[in-house]
Every structure is written in C-alpha cells, then in structure tokens.
Amino acid sequence: MVTPAAELSSSRVHARNAPRMIGTALPFLVLLAIGVTFPLFGGGYWGVIATRACVYWVLVSGLNLVVGFAGQLAIGWVSLLTLGAYTTSVLVAGNATPEFSPYLALAVAAVVGAIFGLIIGLPALRLRTFYFAITTLGFATIVTQVALAWQSVTGGGVGVAGPVLPKPFDSQWGFYYFCFGLAAVCTWMTLNVAGSRFGRALTAIRDAEVAAEASGIAKPHLLALVFLFSGAVAGVAGGLFASLQSYITPDAFTLDLSVLFFIAILIGGHGSILGPLLGTILLTVLPEFAAPLVAWSTFLYAVLLLVIVLAMPGGIAELLDFKNRRPLESGRAIVPRPDLLPRLLGGATDTGALTLHQVALAFGGVHAIDGLDLEIRPGQVHGLIGPNGSGKTTTLNVISGYYAQQSGAVKLNGAALPLLARHRRAHLRIARTFQTPRVVRSASVLENVMIGGTIDGEASFVESLLSLPRHRRDEAALRDKAMLALATVGLERLAAVRADRLQHSELRFTEIARALMLRPAFLLLDEPAAGLSAEEIGRLGALIVAIARTGTGVLLVEHHADLIFDICHHVTVLNLGRMLAAGTPAEIRSHREVVNAYLGG
Amino acid sequence: MVASIVSTGLAIGCVYALIGITYNVMFSASRVFSFTAGTLGMLGGVLGALFVARLGLPVIVGFALALAAGAIFGVITEIVAVRPVLKSLDQHLYVLSTLALALMVQQFTAIEWGTEARPFPRLFDIARGGFDQEYWLPMLACAAVIVGLEWLYRRTLVGHAFLAIAEDTFAARALGLPERRLRMASFALAGVIGALAGFAGGEMLLAFFGNAPLLTFYGFIPVALGGMGNNRGAVVAGLLLGLFQQTANFLVGGIFASVAVFTVFIAVLLVRPEGLAGASAQRRV
Amino acid sequence: MSLTRRQALLSSAGAAVAVTGIAKPAIAAKDPIQVGYLPALTGPSSSTGIGINRGIQLAVKEINDAGGIDGRQIELITRDTQSDPTKAVNGAAELTRGQKVSVVFGPVNSGESLAVVPLLARTNTPQVHPCWVDTLTDPKKYPMCFRNAPTNQQIGGAANRYVVDVLKRKRVAVISDTTGYGTASVNAYVPMLKAKGADVVYQGNVDAANPDLKPELLRMQSAGAEAIMPWSVNAGFLSRIINTRGQMGWDVPIVGQTTLGSGQTKDLLEKPEYWAKVYPNNFRPVCYAPGGKLTGRTAEFLGRLKSAKIDMGDTLLWWIALGYDSPRLIAQAMKAVGTEPAAIVGYLNKLKDFPGVYGDISFTPDEHNGYPDDEVVMVEANSLKDGAFNLAPGYSA
C-alpha cells in the first residue's frame, strides 16, 4: 500500500516548493536586473553611490552571518575594512613591499581579513554579549591607532593612495561592474549558507543555544568558520573601498561606518539575506537625498535602529514575510503517525543500557542529586517523577552533559560518558527535549526540525558556500527526513509556518520531531506533557510508546502521574535528590512513602 | 613627572570608576548593561559647560541642573530602551536599544554643541597649581558616591529594596515591592552618578561629545575587571586603569597607550571572563 | 559660532536641495556658470573653511551684483565635507558627475584634498585649492590642479627660520595632530629643521581630541625643548597646547600654524595672558606694517568687510581674504577665455601677478604653486585687531 507518507517526499514537496522558490528568488532577480542595467539610467554621481553600496554589501553580507545569523554583536567590524584597505593599498603601492598586482593584493587582503576576523571574533566564545561588543569596539580603535602610528608603512596621518584596478575595471562603470559582480557573488554565497545546515546551525546557536548543543552543533568550530569567511569578505571590501576612495587616511574609518554596517543588518532583520541587503542599500542611499541628511545621517540610523528594535525587531525581513501573514487554521489538532516511526528511525541498534551509578551533584550547600542509581534500557520507557526541586531535571541535565556530576558515573554500554561534552551526546545518539521549548522562533517549523539533523550532513562549509552537488544532496535528504519527522509527530501541515506562530503544544511536538532526527538510541524528555490538553497527552503517550517499541530507550521526566503510570515500564521516584522508590508503575502507585511525599491521597 | 602621573591617573581613574558604578547600578536594577553610561558622563560635562560657562548660571545651579538632566536621561533610558525589551524573548535587544539611544544623544550633541572639545568652566576660583581642583574634584565625587551608596544600600529602606530587586526580581515582586518604580528610580540614580562623573571630571576631560564613546569603553573596563554589579571592584579597577593609562601616556604617548590599555583589557577578559573578582555564569538550562 | 555654522549649513543645504535633480543638458548661453565648492564647514577642521567661506560668499555676491561673467551669474554649488575625506569624495563625485561644474574650488583641508585631487584629475575638472601639503600639486600628474596658497615648504621655511635664526632656539619640539595635514607637516618640517642645524628633541602626532596634553608637554620639557612648534588647524587642540604651557608656567615660545592666532583659538584660552609669546605664521599683505598700517588694498578690503557686516572676531583675516580672492581669480579666467576646462587651464598656466588681497598669484606650466615666497611672515598672536596682526618681534623680511 502506498502510504500517504510517500506523497510527502519528492513530488509534492518539490511541486509545492517551485512557486515558493521563485517567490524567494524574485526580489534578488529584480535587484540583479536593476544593478546590471544601472549605468543606463543612473548618472555618474549615483554610480559612485551604487558602487559604494556594493562595496558595503560585500562586507555586510559576511557580517550578516556573524550578527544576523550567529547573533554575535560585532559592532566594531570596521576594523577589518581598515585592515583590508591598508593591506591592498600598501601592497599595490609597493612602498613597503614589492609591488603586487591589484587582484593578488585583494586576495592577500582576504587572507589577512580572515585571520583577523578570527582573532577579533573568537572572544565571542568566552565573553558575554555586551562584553564582546565592547571588545570589538576596542579592536576598531586599536587598528586605527596602529594605522596612525605605523607611518613607515601606512603613511600615518598622511595616508596612502588606494589601488587602481587594471583595465577594464579602471573606468567608473568598469569598477562599478567589478564591485557589483563581487556583491552578487557574495549574495549568492551567503544565500547558500543560509539555506544550508550551517546557516540553520548558526540561528540555532543564536536563539536556542542549548538546543543547538543537544543537536550536536559545536559552537566554536562553526563560529570560527563564520568569522573566517566574514573576515575574508570584509578584507576584500576594504580593498574595494580604498579603490573607490582613491586615497585612504585613518580618519576615513570612523565609528559611524561601523554603526552603518551593524544597523543595516538589524534593520534588515536577522536570519535574512534580503533584509540586510535592502538595509545596506537604504542606509547608503538615504543620506544622499539632501545635504542636511548627510550631517544627521548617524542620528537617523540610530533612530531607525531604535524604532526597529522597539516596534519590529524582525526588521525589513519581517515586513516582507508575506506568507507568514496568512492566517493559520484554527482548531488544529496534532495527530501523530506512529506508524511512520520505523521508516524514520531505522532498525533497532545493538546498544546496551544507559546507567547512572551513585551520581552526586551539589550546588553550593544544596545536594541536587545525592547518590542516584538509574538504568534506562533500550526499548523501554523509564519514568522519573518527584516533587519540584527533587533533582529530576538536574539528572536529565547530567545525562545530557550540561552539568558534570561530582561523583559517581554515567555510562553508556559500560563506557563513561565524557563530562560536560554536551554537543557530543548527539553523536552518541542521545537526544533530548527541554522543559521550555527551545526553538528558533524566526525560522520555520521545518527548518527547526532540520536543525536536529545537522550532524548527518556531509558537505563541508565551502561546499555549501558554493552550492556544490554534495551540499544539494544533503539538503534534499535532510528536507525529506524532516518532513517525515513532522509527519510522524503530526505537524506536517505547519512545516512552512514560522515557529513563533505555533501554539505551545505544537512547539513541544516540534521539539520531539527535532530530537527524532538523530535516530536516537536514547531519548530524554523533560516534562513534554506540560501545557498539553488531555487529548494531546494521550496522543503523546501513544507516540512515546511507539518510539520505545522501535528500540529507543526513553527517559520521561514528568509531573503528570497518569501519563507516567500509563506508559512507563519502570518508574523512579526522586525526593531531595535521592531515590525514594523504584519499580513498576503498579508498585510505585501503592508505595506508601511515595504516596505521602508526592502523590497524595 | 611621577606626581603628575599619580594625580592625573587617580583622578581620571575615579571618573572611570564612577562610570563603572553607573553601569553597575543600571545592571543591578535590570540585569542589563546599557550603552548609555558613557553618554551620561559626556552629558555631565557638556551640560555643565552649557549651564555655567555659556548661560552664566551659578555653579551650584548648573551642577544641580546637570544632575537633574542626568536623572531624566536615566529615566528615559529605562522607559524607552530597557523596559520594552526586558519582556522580549530575545535577550540581546537591550544592547541594540541602548546603543541606539546613546548614539542619538551623542550625534545630537555633536551637531548642536559642536564636534570640538570646549572648555569646562573653573568651578572654584582658586589659583592653579599643585594638587589642583581638576584632580581632587573627581576624587571627592567618587568618595561621596561610594559613601552615599553604602549608606543607601545599608541604612535605608529604599536601598534595601534596590538590593532585593537586584538579587531576585521574582521574590521581590512577590513581596510586593513596586518593581517598575524601583527600576526607574535606580536608573535615575545611575543617571545622577553618571552626570556627576562628567561634571566633576569636566575640567580634565573638557566638554566634548567624543567623551561618550571614550567613557563607554573606559568606564566599562572597571565593570568587566571588577565583576558585574560589584561597585568596590569597579573602584579598585578604575583607579588601577587610570594609573596604568597615565603611565603609558607619559612613557610612550597617546597612541600606544590606548593600544596598550585595550590589549591588556582584552587579554585579562579572555583569561577571566567574569572579571578578576566576579562570580561565574549561572544555570542556563 | 554655531549660529554661523548653522547658517552655512542651511545655505549649503538650500543650494544643494535647489539643484539636486537631473543634470542639465548643454548649458545655454545665459544659464548660470556652476562652480563647485568643497569647504569643511563643520567638523574638527572647520575653522579654515568657515573663514574662507565668508570671503567666498562676499566675492560671489559682488561679482553677480556687477552682472556676473558676460551676463551669466555664478552659481556656487556647495558640498560641506564635514572635515571627512569620505564625504569629500562623495561631494566631489556629485559636483563633477552629477552637477557637471566647470571648476572646483577646494577642498580647503589637506586630508580631504589628498583623496579629491586624483578624483578630479580623472574627471578632467580644473581645480583651485588652498591646501598646503606639498604633494597636492604636481603639474605632470595633475595638470589641471592649481594652488593659490603657499606650500608646506614655504610655511615651514618661514617658521623654522624664525625659531632658529631669529629667536635663536636650537632645541625644538614639533607636535601635530593626527590628520593628514598634521602628519605631513611634521614629516616635512623635522628634516628641514635638522638641515638648519636645530636639534629636534621631541616629535609627535597626538589625537586632536585628546583633552590632556600635559603628558606631551612634560615630555617636551624633560627633553629640554626651548620652543614648541605646533602644526594643526584644530583650534581646540592648539588652545590646549597654549593653556597647558600657561598652566605649567613654562616660558617657551610657541611658533607654528596660523590657526594659533585665530579668534576661535583665542576664545578657548583660559587666560588672555596665555596668548603672549605665541607666533603664528601669516601673510604680509594682510598684516600691519611697522607703524600700524595696512596696505591700501587690504585697508579697502577691510572697509568692504565692515560695510557687509562680516564677522572677523572669531577667525583670521587672511582666510577671508583668500576666500575673497579665489572666485575672483576664477572669474577673471572665465571672463578671458570662457568656461571650457582646457581654456581655463591654459589661462591659469600663464597667469602673472593676479592682484589678490591675500597675495599676488602667479602660475606657470611647470609651477602650479602660485603664492610668492617672501609674503609668508610670522606675527604676534596677541596683537590681533580686526583679524590682522603685527609682525613678530625681531622679524625682518
């Protein structure tokens, strides 16, 4: 029998995709057309402005990945523009080094930019948001001061002439096309990244870092890639900037410029490519309309930023997100399809149990877990209940690597799990959900679920950047699998909907779908029934039972005693960090102490 | 020369420490760092020069007005840039809203007051020389603020309420404390402290719109190194920063001095992100 | 001061808004002649631009009131560079490609000109500018660019001569801000001083925004400096040097950039007596000769300024005079040969002794620096009266 699920892959999804893809591509095609034909109707002056916008976009496209996608507030990115500009100019001028060709100089600027992008960006891994923002500002000042002080190379306050590109790019329009070409390439590359597992992983780090870690996303590695790329294009933009200016001095690289780049991305909306592109064009062009605006330009940018932050944090992207304005059907029901599980999860694997042996963890004087033994067997549902503060979620956090136990061992197949390596859990096929759903609210439900499959991708960052075949294969497979996961939990009709429009219960099931993408050997569920209606709890229960039947070991932390007793094979009751009782549901239900401490009456 | 380094270093260190305290007071009330702390310092200097030098008001009146303006700007910050984003799920919006507000005020000042550093009036008509008022005014201000805050937090009910909000907002609310009003009051207090820093430091720093980014950065270093919310740490770190900066200034000159300060700051932060005296990050999951 | 700036801003805004739009096709016979103008009217290096602007506006008004050039009015198209090289480039691009001006006057600051001169050369637009940095004219590289003001060599030569030969100070401290002009000046002057046998005990570029110059002056003092030579157009920076010298009670002469004597600098001094022993450079035609008199041409110009109610208290007479001379120079060229770029350049290449209030300007095909050497002099700052000064003591020829 052809299952309805078969319809979901290939044909229907792709057929539904085609008009959507054209819809997404349309604005870019329009901009491309305007850009290519610009010399025909724009005068020489607007040509300079257009070239400037292209140069800025080359930098902003990369910075967009850092700020808009990864959420790292790198305000002082003008430092890389400065580095790129000086590197290119000094190399081409040949005063301090042998003379380079402009193209080679631009390539070197890209390398220099990449290296310094990494240096400037890496503190993000150690520092809180505000601190990181301040350090980037510090770097911007350092670079300018060094440019001032290193007179022998940079000319100090006198400055240095910018590079002139060889024919045919030395004329005004020739140079414009060169910059436009690079801007188009950068747009294409960042679009590819946005639609790849890397782009999704970045948004996960930004909005749902704990969920990203649980899905196996390694933040340092990913951020390093993004800083390298972003730094490289910023370096190239610097070289183009120097050429556009025809002469650079340290005071051309002002804080105002940094602010422009940063605000363009925020006005555009995070997680979008089109938004910041339009934002960059807008901010470059806006001050040119009247002379007084030029003096007030930074004030204007700041006002725009404030308005956007307060009124429309989603920015231009949110404004243009027409498809998410369409009303959703009311009275939606979540109807999981447990029969799809075998296809989604594959066959049962040979794995032993997940065991905790005398695990203890104290926070200050509070013994959160005090000598706990637990065993989760594959194919079984193990319930963990107890009053608030008894250590249920802490236990789950220890297993999934967010906390390190102070004594005792957590073992899988007899081998101890590495402490605090929470992003390695996904590779061990231990998946989890969270007490409060952690999703990327500005992404679609489908994209959120695809985040769960990040570690299955094989294409490298560069392959994604250039949209090589392996990247496209990855994406197709991932998309199919995610649709299957959504069908399994009963949410496939909401696949394209932006996650922040979902009801709470739908978010919970989305998390489960995401967790299932890992084909988990062990699934840890943290109060999945909280906030669900009685009917939904029933369906959830059936789904969990079916998941266990395919061979997954499930740990269910819950308050809903009925659900626990209905579906668990074993139950452990915690109180004050210690095991109060353990056994089958029947045994626990009548256990005197449990009834006193927790169940009541 | 040593005398000059010490007096200038301690004096400017006190200004940095006061801005650090401004950051801390705003942070305690809202768990948010605001980019407007440095701008408050700048306003203290610019408004002081405006009221006393340009408009010719008596020093006391100009002083009071400058502090009042600081309080008002603090409250505006809370209402416009902090309160609306506290509710939002995106934790980082406050960085952007306070940055936007700070930039607006800075740019407005640059255009209306001018982009040049203008002189700050001499507050007390004593002859120059020796341990001049431009040095002991910031120190006096810093000492006054420390003593005042101690008294406020330990001896007054309002101060206790501030501490309660800082410790645990939910518990405080459960106890019936008017959280919003207290937060506004905290921001007003922070505004006063920031403006005081700028006013007391005016003779040294002059009335200059560019003091805003300068104080935003240098005023944050005491917070970063001394630990978030830790006022004592901020003072110690601020004084050390001032001395280090002035020593570098005298030895190698302005450009290299700022490079040295930034480098040391970033290096220390990377080694100890929570600061030399701060506590580690809390539970995330 | 801010009022004047705002007026300037509004007038430039008005001009820009009025002519923003599609570039006009071939200029008809009685259409106005468009002259591009790139002053720095706001920003840290705006003192020069503001002063020059007053002269320019007066001259253009006079020319237009007298019927313009062959019945065509001069239309000044202004773009405030805000002391920012980037905005100067944008402005220059708009003037040449958008507005299609016949000639550009400016920028008035060297840092901005370093970026704009090559750009204007590429668009074949004749340019006259008053910036001092030596490399800003080059008859081979920039055949259409002319300078109607002295070069750094001329200025520095006069100042150095005063310090070493007249004041007889051998140990010198040279300080500037970090702008292109400041850096280039220090780089040019230090070797010149050494060639004269002076000992440069301190050489530094300091951020003009730095409020505390005490460390720098203390370093100069401990290095044994006997004279301070500051090179900056930033009135705030210069006033801080003067104030710090006064606060330290350090009795050494300050000899340097003309802005040391401007009304703006004077307003920023803590005590009027600090202005003693400050010797800025200036220009003989606009100074009081011994005996307290101005030359005929200058006295008459001063009269015209007074009746036009132009404020001189916060600026320098020579800036206004330079501003006044520049449109008249351009107008003279256009009256003679029309508005074609090649013709204007050809005329300027043969210009001999254009009678400016500020000085007599001459060019040749190989020499595009038009100001005569011997008109650069040193003056005494605190003798400021009506924008003009007395020559410095001991100063001869």
# chains A, B, ... in the order shown; residues from 1 in each chain; ligands from 1
call {"tool": "interface_residues", "arguments": {"of": "chain A", "to": "chain C", "cutoff": "8 Å", "atoms": "only C-alpha atoms", "output": "list in words"}}
result
Gly43, Gly44, Tyr45, Trp46, Val48, Ile49, Leu148, Gly156, Gly157, Val158, Gly159, Ala161, Gln245, Ser246, Tyr247, Ile248, Thr249, Asp251, Ala252, Ala290, Ala291, Pro292 and Ala295 of chain A
call {"tool": "write_last_selection", "arguments": {"atoms": "N, CA and C atoms", "output": "mmCIF file, in the first residue's frame"}}
result
data_model
loop_
_atom_site.group_PDB
_atom_site.id
_atom_site.type_symbol
_atom_site.label_atom_id
_atom_site.label_comp_id
_atom_site.auth_asym_id
_atom_site.auth_seq_id
_atom_site.Cartn_x
_atom_site.Cartn_y
_atom_site.Cartn_z
ATOM 1 N N GLY A 43 23.094 58.341 -13.281
ATOM 2 C CA GLY A 43 24.169 59.227 -13.708
ATOM 3 C C GLY A 43 25.484 58.855 -13.032
ATOM 4 N N GLY A 44 26.518 59.605 -13.354
ATOM 5 C CA GLY A 44 27.832 59.322 -12.791
ATOM 6 C C GLY A 44 27.845 59.410 -11.278
ATOM 7 N N TYR A 45 27.123 60.374 -10.757
ATOM 8 C CA TYR A 45 27.125 60.536 -9.307
ATOM 9 C C TYR A 45 26.479 59.351 -8.627
ATOM 10 N N TRP A 46 25.294 58.969 -9.103
ATOM 11 C CA TRP A 46 24.640 57.823 -8.485
ATOM 12 C C TRP A 46 25.425 56.552 -8.706
ATOM 13 N N VAL A 48 28.637 56.386 -8.294
ATOM 14 C CA VAL A 48 29.528 56.308 -7.135
ATOM 15 C C VAL A 48 28.772 55.756 -5.932
ATOM 16 N N ILE A 49 27.565 56.235 -5.745
ATOM 17 C CA ILE A 49 26.782 55.775 -4.599
ATOM 18 C C ILE A 49 26.469 54.293 -4.741
ATOM 19 N N LEU A 148 47.672 54.814 12.312
ATOM 20 C CA LEU A 148 48.233 56.148 12.525
ATOM 21 C C LEU A 148 49.695 56.091 12.906
ATOM 22 N N GLY A 156 50.798 56.905 8.046
ATOM 23 C CA GLY A 156 50.280 57.610 9.206
ATOM 24 C C GLY A 156 49.105 58.491 8.843
ATOM 25 N N GLY A 157 49.124 59.691 9.356
ATOM 26 C CA GLY A 157 48.020 60.605 9.105
ATOM 27 C C GLY A 157 47.941 61.029 7.648
ATOM 28 N N VAL A 158 49.063 60.958 6.949
ATOM 29 C CA VAL A 158 49.073 61.351 5.543
ATOM 30 C C VAL A 158 48.275 60.370 4.704
ATOM 31 N N GLY A 159 48.352 59.109 5.066
ATOM 32 C CA GLY A 159 47.566 58.119 4.349
ATOM 33 C C GLY A 159 48.320 57.587 3.129
ATOM 34 N N ALA A 161 47.692 56.093 -1.175
ATOM 35 C CA ALA A 161 46.775 56.066 -2.311
ATOM 36 C C ALA A 161 46.122 54.703 -2.430
ATOM 37 N N GLN A 245 37.725 55.173 -2.820
ATOM 38 C CA GLN A 245 38.118 56.434 -2.215
ATOM 39 C C GLN A 245 39.270 57.084 -2.943
ATOM 40 N N SER A 246 40.042 56.290 -3.651
ATOM 41 C CA SER A 246 41.269 56.647 -4.353
ATOM 42 C C SER A 246 42.372 57.117 -3.408
ATOM 43 N N TYR A 247 42.034 57.314 -2.139
ATOM 44 C CA TYR A 247 43.070 57.685 -1.183
ATOM 45 C C TYR A 247 42.516 57.424 0.197
ATOM 46 N N ILE A 248 43.253 56.741 1.047
ATOM 47 C CA ILE A 248 42.721 56.461 2.385
ATOM 48 C C ILE A 248 43.596 57.048 3.487
ATOM 49 N N THR A 249 42.930 57.569 4.488
ATOM 50 C CA THR A 249 43.601 58.029 5.696
ATOM 51 C C THR A 249 42.880 57.372 6.868
ATOM 52 N N ASP A 251 41.402 58.462 9.334
ATOM 53 C CA ASP A 251 40.138 59.038 9.791
ATOM 54 C C ASP A 251 38.961 58.762 8.858
ATOM 55 N N ALA A 252 39.195 58.040 7.764
ATOM 56 C CA ALA A 252 38.056 57.642 6.931
ATOM 57 C C ALA A 252 37.307 56.473 7.553
ATOM 58 N N ALA A 290 19.503 64.592 0.571
ATOM 59 C CA ALA A 290 19.549 66.033 0.855
ATOM 60 C C ALA A 290 20.764 66.305 1.710
ATOM 61 N N ALA A 291 21.395 67.424 1.459
ATOM 62 C CA ALA A 291 22.637 67.738 2.172
ATOM 63 C C ALA A 291 22.487 67.717 3.690
ATOM 64 N N PRO A 292 21.429 68.257 4.272
ATOM 65 C CA PRO A 292 21.336 68.232 5.732
ATOM 66 C C PRO A 292 21.338 66.812 6.264
ATOM 67 N N ALA A 295 24.751 65.325 7.383
ATOM 68 C CA ALA A 295 25.266 65.624 8.725
ATOM 69 C C ALA A 295 24.542 64.807 9.788
#
call {"tool": "interface_residues", "arguments": {"of": "chain A", "to": "chain B", "cutoff": "7 Å", "atoms": "only C-alpha atoms", "output": "list of chain:residue names"}}
result
A:Pro123, A:Arg126, A:Leu127, A:Phe130, A:Ile134, A:Thr135, A:Gly138, A:Ile142, A:Gln145, A:Ala149, A:Thr298, A:Phe299, A:Ala302, A:Val303, A:Leu305, A:Leu306, A:Val309, A:Leu310
call {"tool": "write_last_selection", "arguments": {"atoms": "C-alpha atoms", "output": "compact mmCIF listing (two decimals), in the first residue's frame"}}
result
# COMPACT_ATOMS: atom_id res chain seq x y z
CA PRO A 123 36.47 36.28 22.21
CA ARG A 126 34.35 33.30 26.07
CA LEU A 127 32.56 36.56 26.65
CA PHE A 130 27.87 43.13 25.88
CA ILE A 134 32.83 46.33 23.69
CA THR A 135 35.92 44.34 22.74
CA GLY A 138 38.27 48.24 21.22
CA ILE A 142 43.42 49.65 18.01
CA GLN A 145 45.69 53.77 16.08
CA ALA A 149 51.36 55.11 14.30
CA THR A 298 24.23 58.66 12.01
CA PHE A 299 21.48 60.17 14.11
CA ALA A 302 20.21 55.37 15.38
CA VAL A 303 16.59 56.46 15.29
CA LEU A 305 17.55 51.21 14.88
CA LEU A 306 15.57 52.19 17.95
CA VAL A 309 14.12 47.27 17.94
CA LEU A 310 11.02 48.53 19.71
call {"tool": "closest_residue", "arguments": {"among": "C:Trp132, C:Tyr371, C:Tyr202, C:Phe146", "to": "chain B", "atoms": "only C-alpha atoms"}}
result
C:Tyr202
call {"tool": "interface_residues", "arguments": {"of": "chain B", "to": "chain C", "cutoff": "10 Å", "atoms": "only C-alpha atoms", "output": "MDAnalysis selection string"}}
result
chainID B and resid 1 4:5 8 110:122 127:129 203:211 246:255
call {"tool": "write_last_selection", "arguments": {"atoms": "N, CA and C atoms", "output": "CSV table (one decimal), in the first residue's frame"}}
result
chain,number,residue,atom,x,y,z
B,1,MET,N,57.3,64.5,37.3
B,1,MET,CA,56.5,63.7,36.4
B,1,MET,C,55.7,62.6,37.2
B,4,SER,N,52.7,64.0,38.6
B,4,SER,CA,51.7,64.2,37.6
B,4,SER,C,50.9,63.0,37.2
B,5,ILE,N,51.7,61.9,37.0
B,5,ILE,CA,51.1,60.6,36.7
B,5,ILE,C,50.1,60.2,37.7
B,8,THR,N,47.0,62.7,38.0
B,8,THR,CA,46.1,62.6,36.8
B,8,THR,C,45.5,61.2,36.8
B,110,ALA,N,26.8,66.3,19.1
B,110,ALA,CA,27.9,66.7,18.2
B,110,ALA,C,27.4,67.8,17.2
B,111,ILE,N,26.2,67.7,16.8
B,111,ILE,CA,25.7,68.7,15.8
B,111,ILE,C,25.3,70.0,16.5
B,112,GLU,N,24.7,69.9,17.7
B,112,GLU,CA,24.2,71.1,18.3
B,112,GLU,C,25.3,71.8,19.2
B,113,TRP,N,26.1,71.0,19.9
B,113,TRP,CA,27.1,71.6,20.8
B,113,TRP,C,28.4,71.8,20.0
B,114,GLY,N,28.6,71.0,18.9
B,114,GLY,CA,29.8,71.1,18.1
B,114,GLY,C,30.7,69.9,18.3
B,115,THR,N,31.5,69.6,17.3
B,115,THR,CA,32.3,68.4,17.4
B,115,THR,C,33.6,68.7,18.1
B,116,GLU,N,33.8,70.0,18.5
B,116,GLU,CA,35.1,70.3,19.2
B,116,GLU,C,34.9,70.3,20.7
B,117,ALA,N,36.1,69.9,21.3
B,117,ALA,CA,36.0,69.9,22.8
B,117,ALA,C,36.1,71.4,23.3
B,118,ARG,N,35.1,71.8,24.0
B,118,ARG,CA,35.1,73.1,24.5
B,118,ARG,C,35.5,73.1,26.0
B,119,PRO,N,36.0,74.3,26.4
B,119,PRO,CA,36.5,74.3,27.8
B,119,PRO,C,35.4,74.2,28.8
B,120,PHE,N,35.7,73.6,29.9
B,120,PHE,CA,34.8,73.4,31.0
B,120,PHE,C,35.1,74.5,32.0
B,121,PRO,N,34.1,75.2,32.6
B,121,PRO,CA,34.4,76.3,33.5
B,121,PRO,C,35.2,75.9,34.7
B,122,ARG,N,35.9,76.8,35.3
B,122,ARG,CA,36.6,76.6,36.5
B,122,ARG,C,35.6,76.7,37.6
B,127,ALA,N,43.6,79.6,42.5
B,127,ALA,CA,44.6,79.6,41.5
B,127,ALA,C,45.0,78.2,41.2
B,128,ARG,N,45.6,78.1,40.0
B,128,ARG,CA,46.0,76.7,39.6
B,128,ARG,C,47.3,76.3,40.3
B,129,GLY,N,47.6,75.1,40.2
B,129,GLY,CA,48.9,74.6,40.7
B,129,GLY,C,48.8,73.6,41.8
B,203,GLU,N,36.7,69.5,34.1
B,203,GLU,CA,37.9,70.3,33.9
B,203,GLU,C,39.1,69.5,33.3
B,204,MET,N,39.0,68.2,33.5
B,204,MET,CA,40.1,67.4,32.9
B,204,MET,C,39.7,66.9,31.5
B,205,LEU,N,38.4,66.5,31.4
B,205,LEU,CA,38.0,65.9,30.1
B,205,LEU,C,37.5,66.9,29.1
B,206,LEU,N,37.1,68.1,29.6
B,206,LEU,CA,36.5,69.2,28.8
B,206,LEU,C,35.1,68.7,28.3
B,207,ALA,N,34.4,69.7,27.7
B,207,ALA,CA,33.0,69.4,27.3
B,207,ALA,C,33.1,69.0,25.9
B,208,PHE,N,33.0,67.7,25.7
B,208,PHE,CA,33.3,67.1,24.3
B,208,PHE,C,32.4,66.0,24.1
B,209,PHE,N,31.8,66.0,22.9
B,209,PHE,CA,30.8,64.9,22.6
B,209,PHE,C,31.6,63.6,22.5
B,210,GLY,N,32.8,63.7,22.1
B,210,GLY,CA,33.6,62.4,21.9
B,210,GLY,C,33.9,61.7,23.2
B,211,ASN,N,33.6,62.4,24.3
B,211,ASN,CA,33.8,61.7,25.6
B,211,ASN,C,32.9,60.5,25.8
B,246,GLN,N,47.7,56.5,32.4
B,246,GLN,CA,48.5,57.7,32.5
B,246,GLN,C,50.0,57.4,32.4
B,247,THR,N,50.4,56.3,33.1
B,247,THR,CA,51.8,55.8,33.0
B,247,THR,C,52.2,55.6,31.5
B,248,ALA,N,51.3,54.9,30.8
B,248,ALA,CA,51.6,54.6,29.4
B,248,ALA,C,51.6,55.9,28.6
B,249,ASN,N,50.7,56.8,28.9
B,249,ASN,CA,50.7,58.1,28.2
B,249,ASN,C,52.0,58.8,28.3
B,250,PHE,N,52.5,58.9,29.6
B,250,PHE,CA,53.7,59.6,29.8
B,250,PHE,C,54.9,58.9,29.2
B,251,LEU,N,54.9,57.6,29.2
B,251,LEU,CA,56.1,56.9,28.8
B,251,LEU,C,56.1,56.8,27.3
B,252,VAL,N,55.0,56.4,26.6
B,252,VAL,CA,55.1,56.1,25.2
B,252,VAL,C,54.1,57.0,24.4
B,253,GLY,N,53.3,57.8,25.0
B,253,GLY,CA,52.5,58.7,24.2
B,253,GLY,C,51.1,58.1,24.0
B,254,GLY,N,50.2,59.0,23.5
B,254,GLY,CA,48.8,58.6,23.5
B,254,GLY,C,48.4,57.4,22.7
B,255,ILE,N,49.0,57.3,21.4
B,255,ILE,CA,48.5,56.3,20.5
B,255,ILE,C,48.9,54.9,21.1
call {"tool": "select_by_dssp", "arguments": {"residues": "region 480-543 of chain A", "states": "strand (DSSP E)", "output": "list in words"}}
result
Phe522, Leu523, Leu524, Leu525 and Asp526 of chain A
call {"tool": "residues_around", "arguments": {"residues": "region 274-277 of chain C", "least_positions_apart": "4", "cutoff": "12 Å", "atoms": "only C-alpha atoms", "output": "ChimeraX atom specification"}}
result
/C:163,167,227-228,238-256,260-263,265-270,378-384,392-393
call {"tool": "residues_around", "arguments": {"residues": "Leu177 (chain B)", "least_positions_apart": "4", "cutoff": "12 Å", "atoms": "only C-alpha atoms", "output": "PyMOL selection string"}}
result
chain B and resi 157-158+160-165+168-173+181-183
call {"tool": "decode", "arguments": {"residues": "region 175-190 of chain B", "atoms": "C-alpha atoms", "output": "PDB file, in the first residue's frame"}}
result
ATOM      1  CA  LEU B 175       6.966  40.568  48.471  1.00  0.00           C
ATOM      2  CA  GLY B 176       5.012  43.412  46.956  1.00  0.00           C
ATOM      3  CA  LEU B 177       7.894  45.668  46.030  1.00  0.00           C
ATOM      4  CA  PRO B 178       6.943  48.050  43.221  1.00  0.00           C
ATOM      5  CA  GLU B 179       9.464  46.655  40.784  1.00  0.00           C
ATOM      6  CA  ARG B 180       8.914  49.072  37.965  1.00  0.00           C
ATOM      7  CA  ARG B 181       9.117  52.184  40.104  1.00  0.00           C
ATOM      8  CA  LEU B 182      12.207  50.925  41.808  1.00  0.00           C
ATOM      9  CA  ARG B 183      13.827  50.212  38.491  1.00  0.00           C
ATOM     10  CA  MET B 184      13.075  53.713  37.258  1.00  0.00           C
ATOM     11  CA  ALA B 185      14.489  55.091  40.482  1.00  0.00           C
ATOM     12  CA  SER B 186      17.628  53.014  40.007  1.00  0.00           C
ATOM     13  CA  PHE B 187      18.093  54.343  36.532  1.00  0.00           C
ATOM     14  CA  ALA B 188      17.536  57.871  37.761  1.00  0.00           C
ATOM     15  CA  LEU B 189      20.180  57.278  40.408  1.00  0.00           C
ATOM     16  CA  ALA B 190      22.537  55.888  37.780  1.00  0.00           C
TER      17      ALA B 190
END
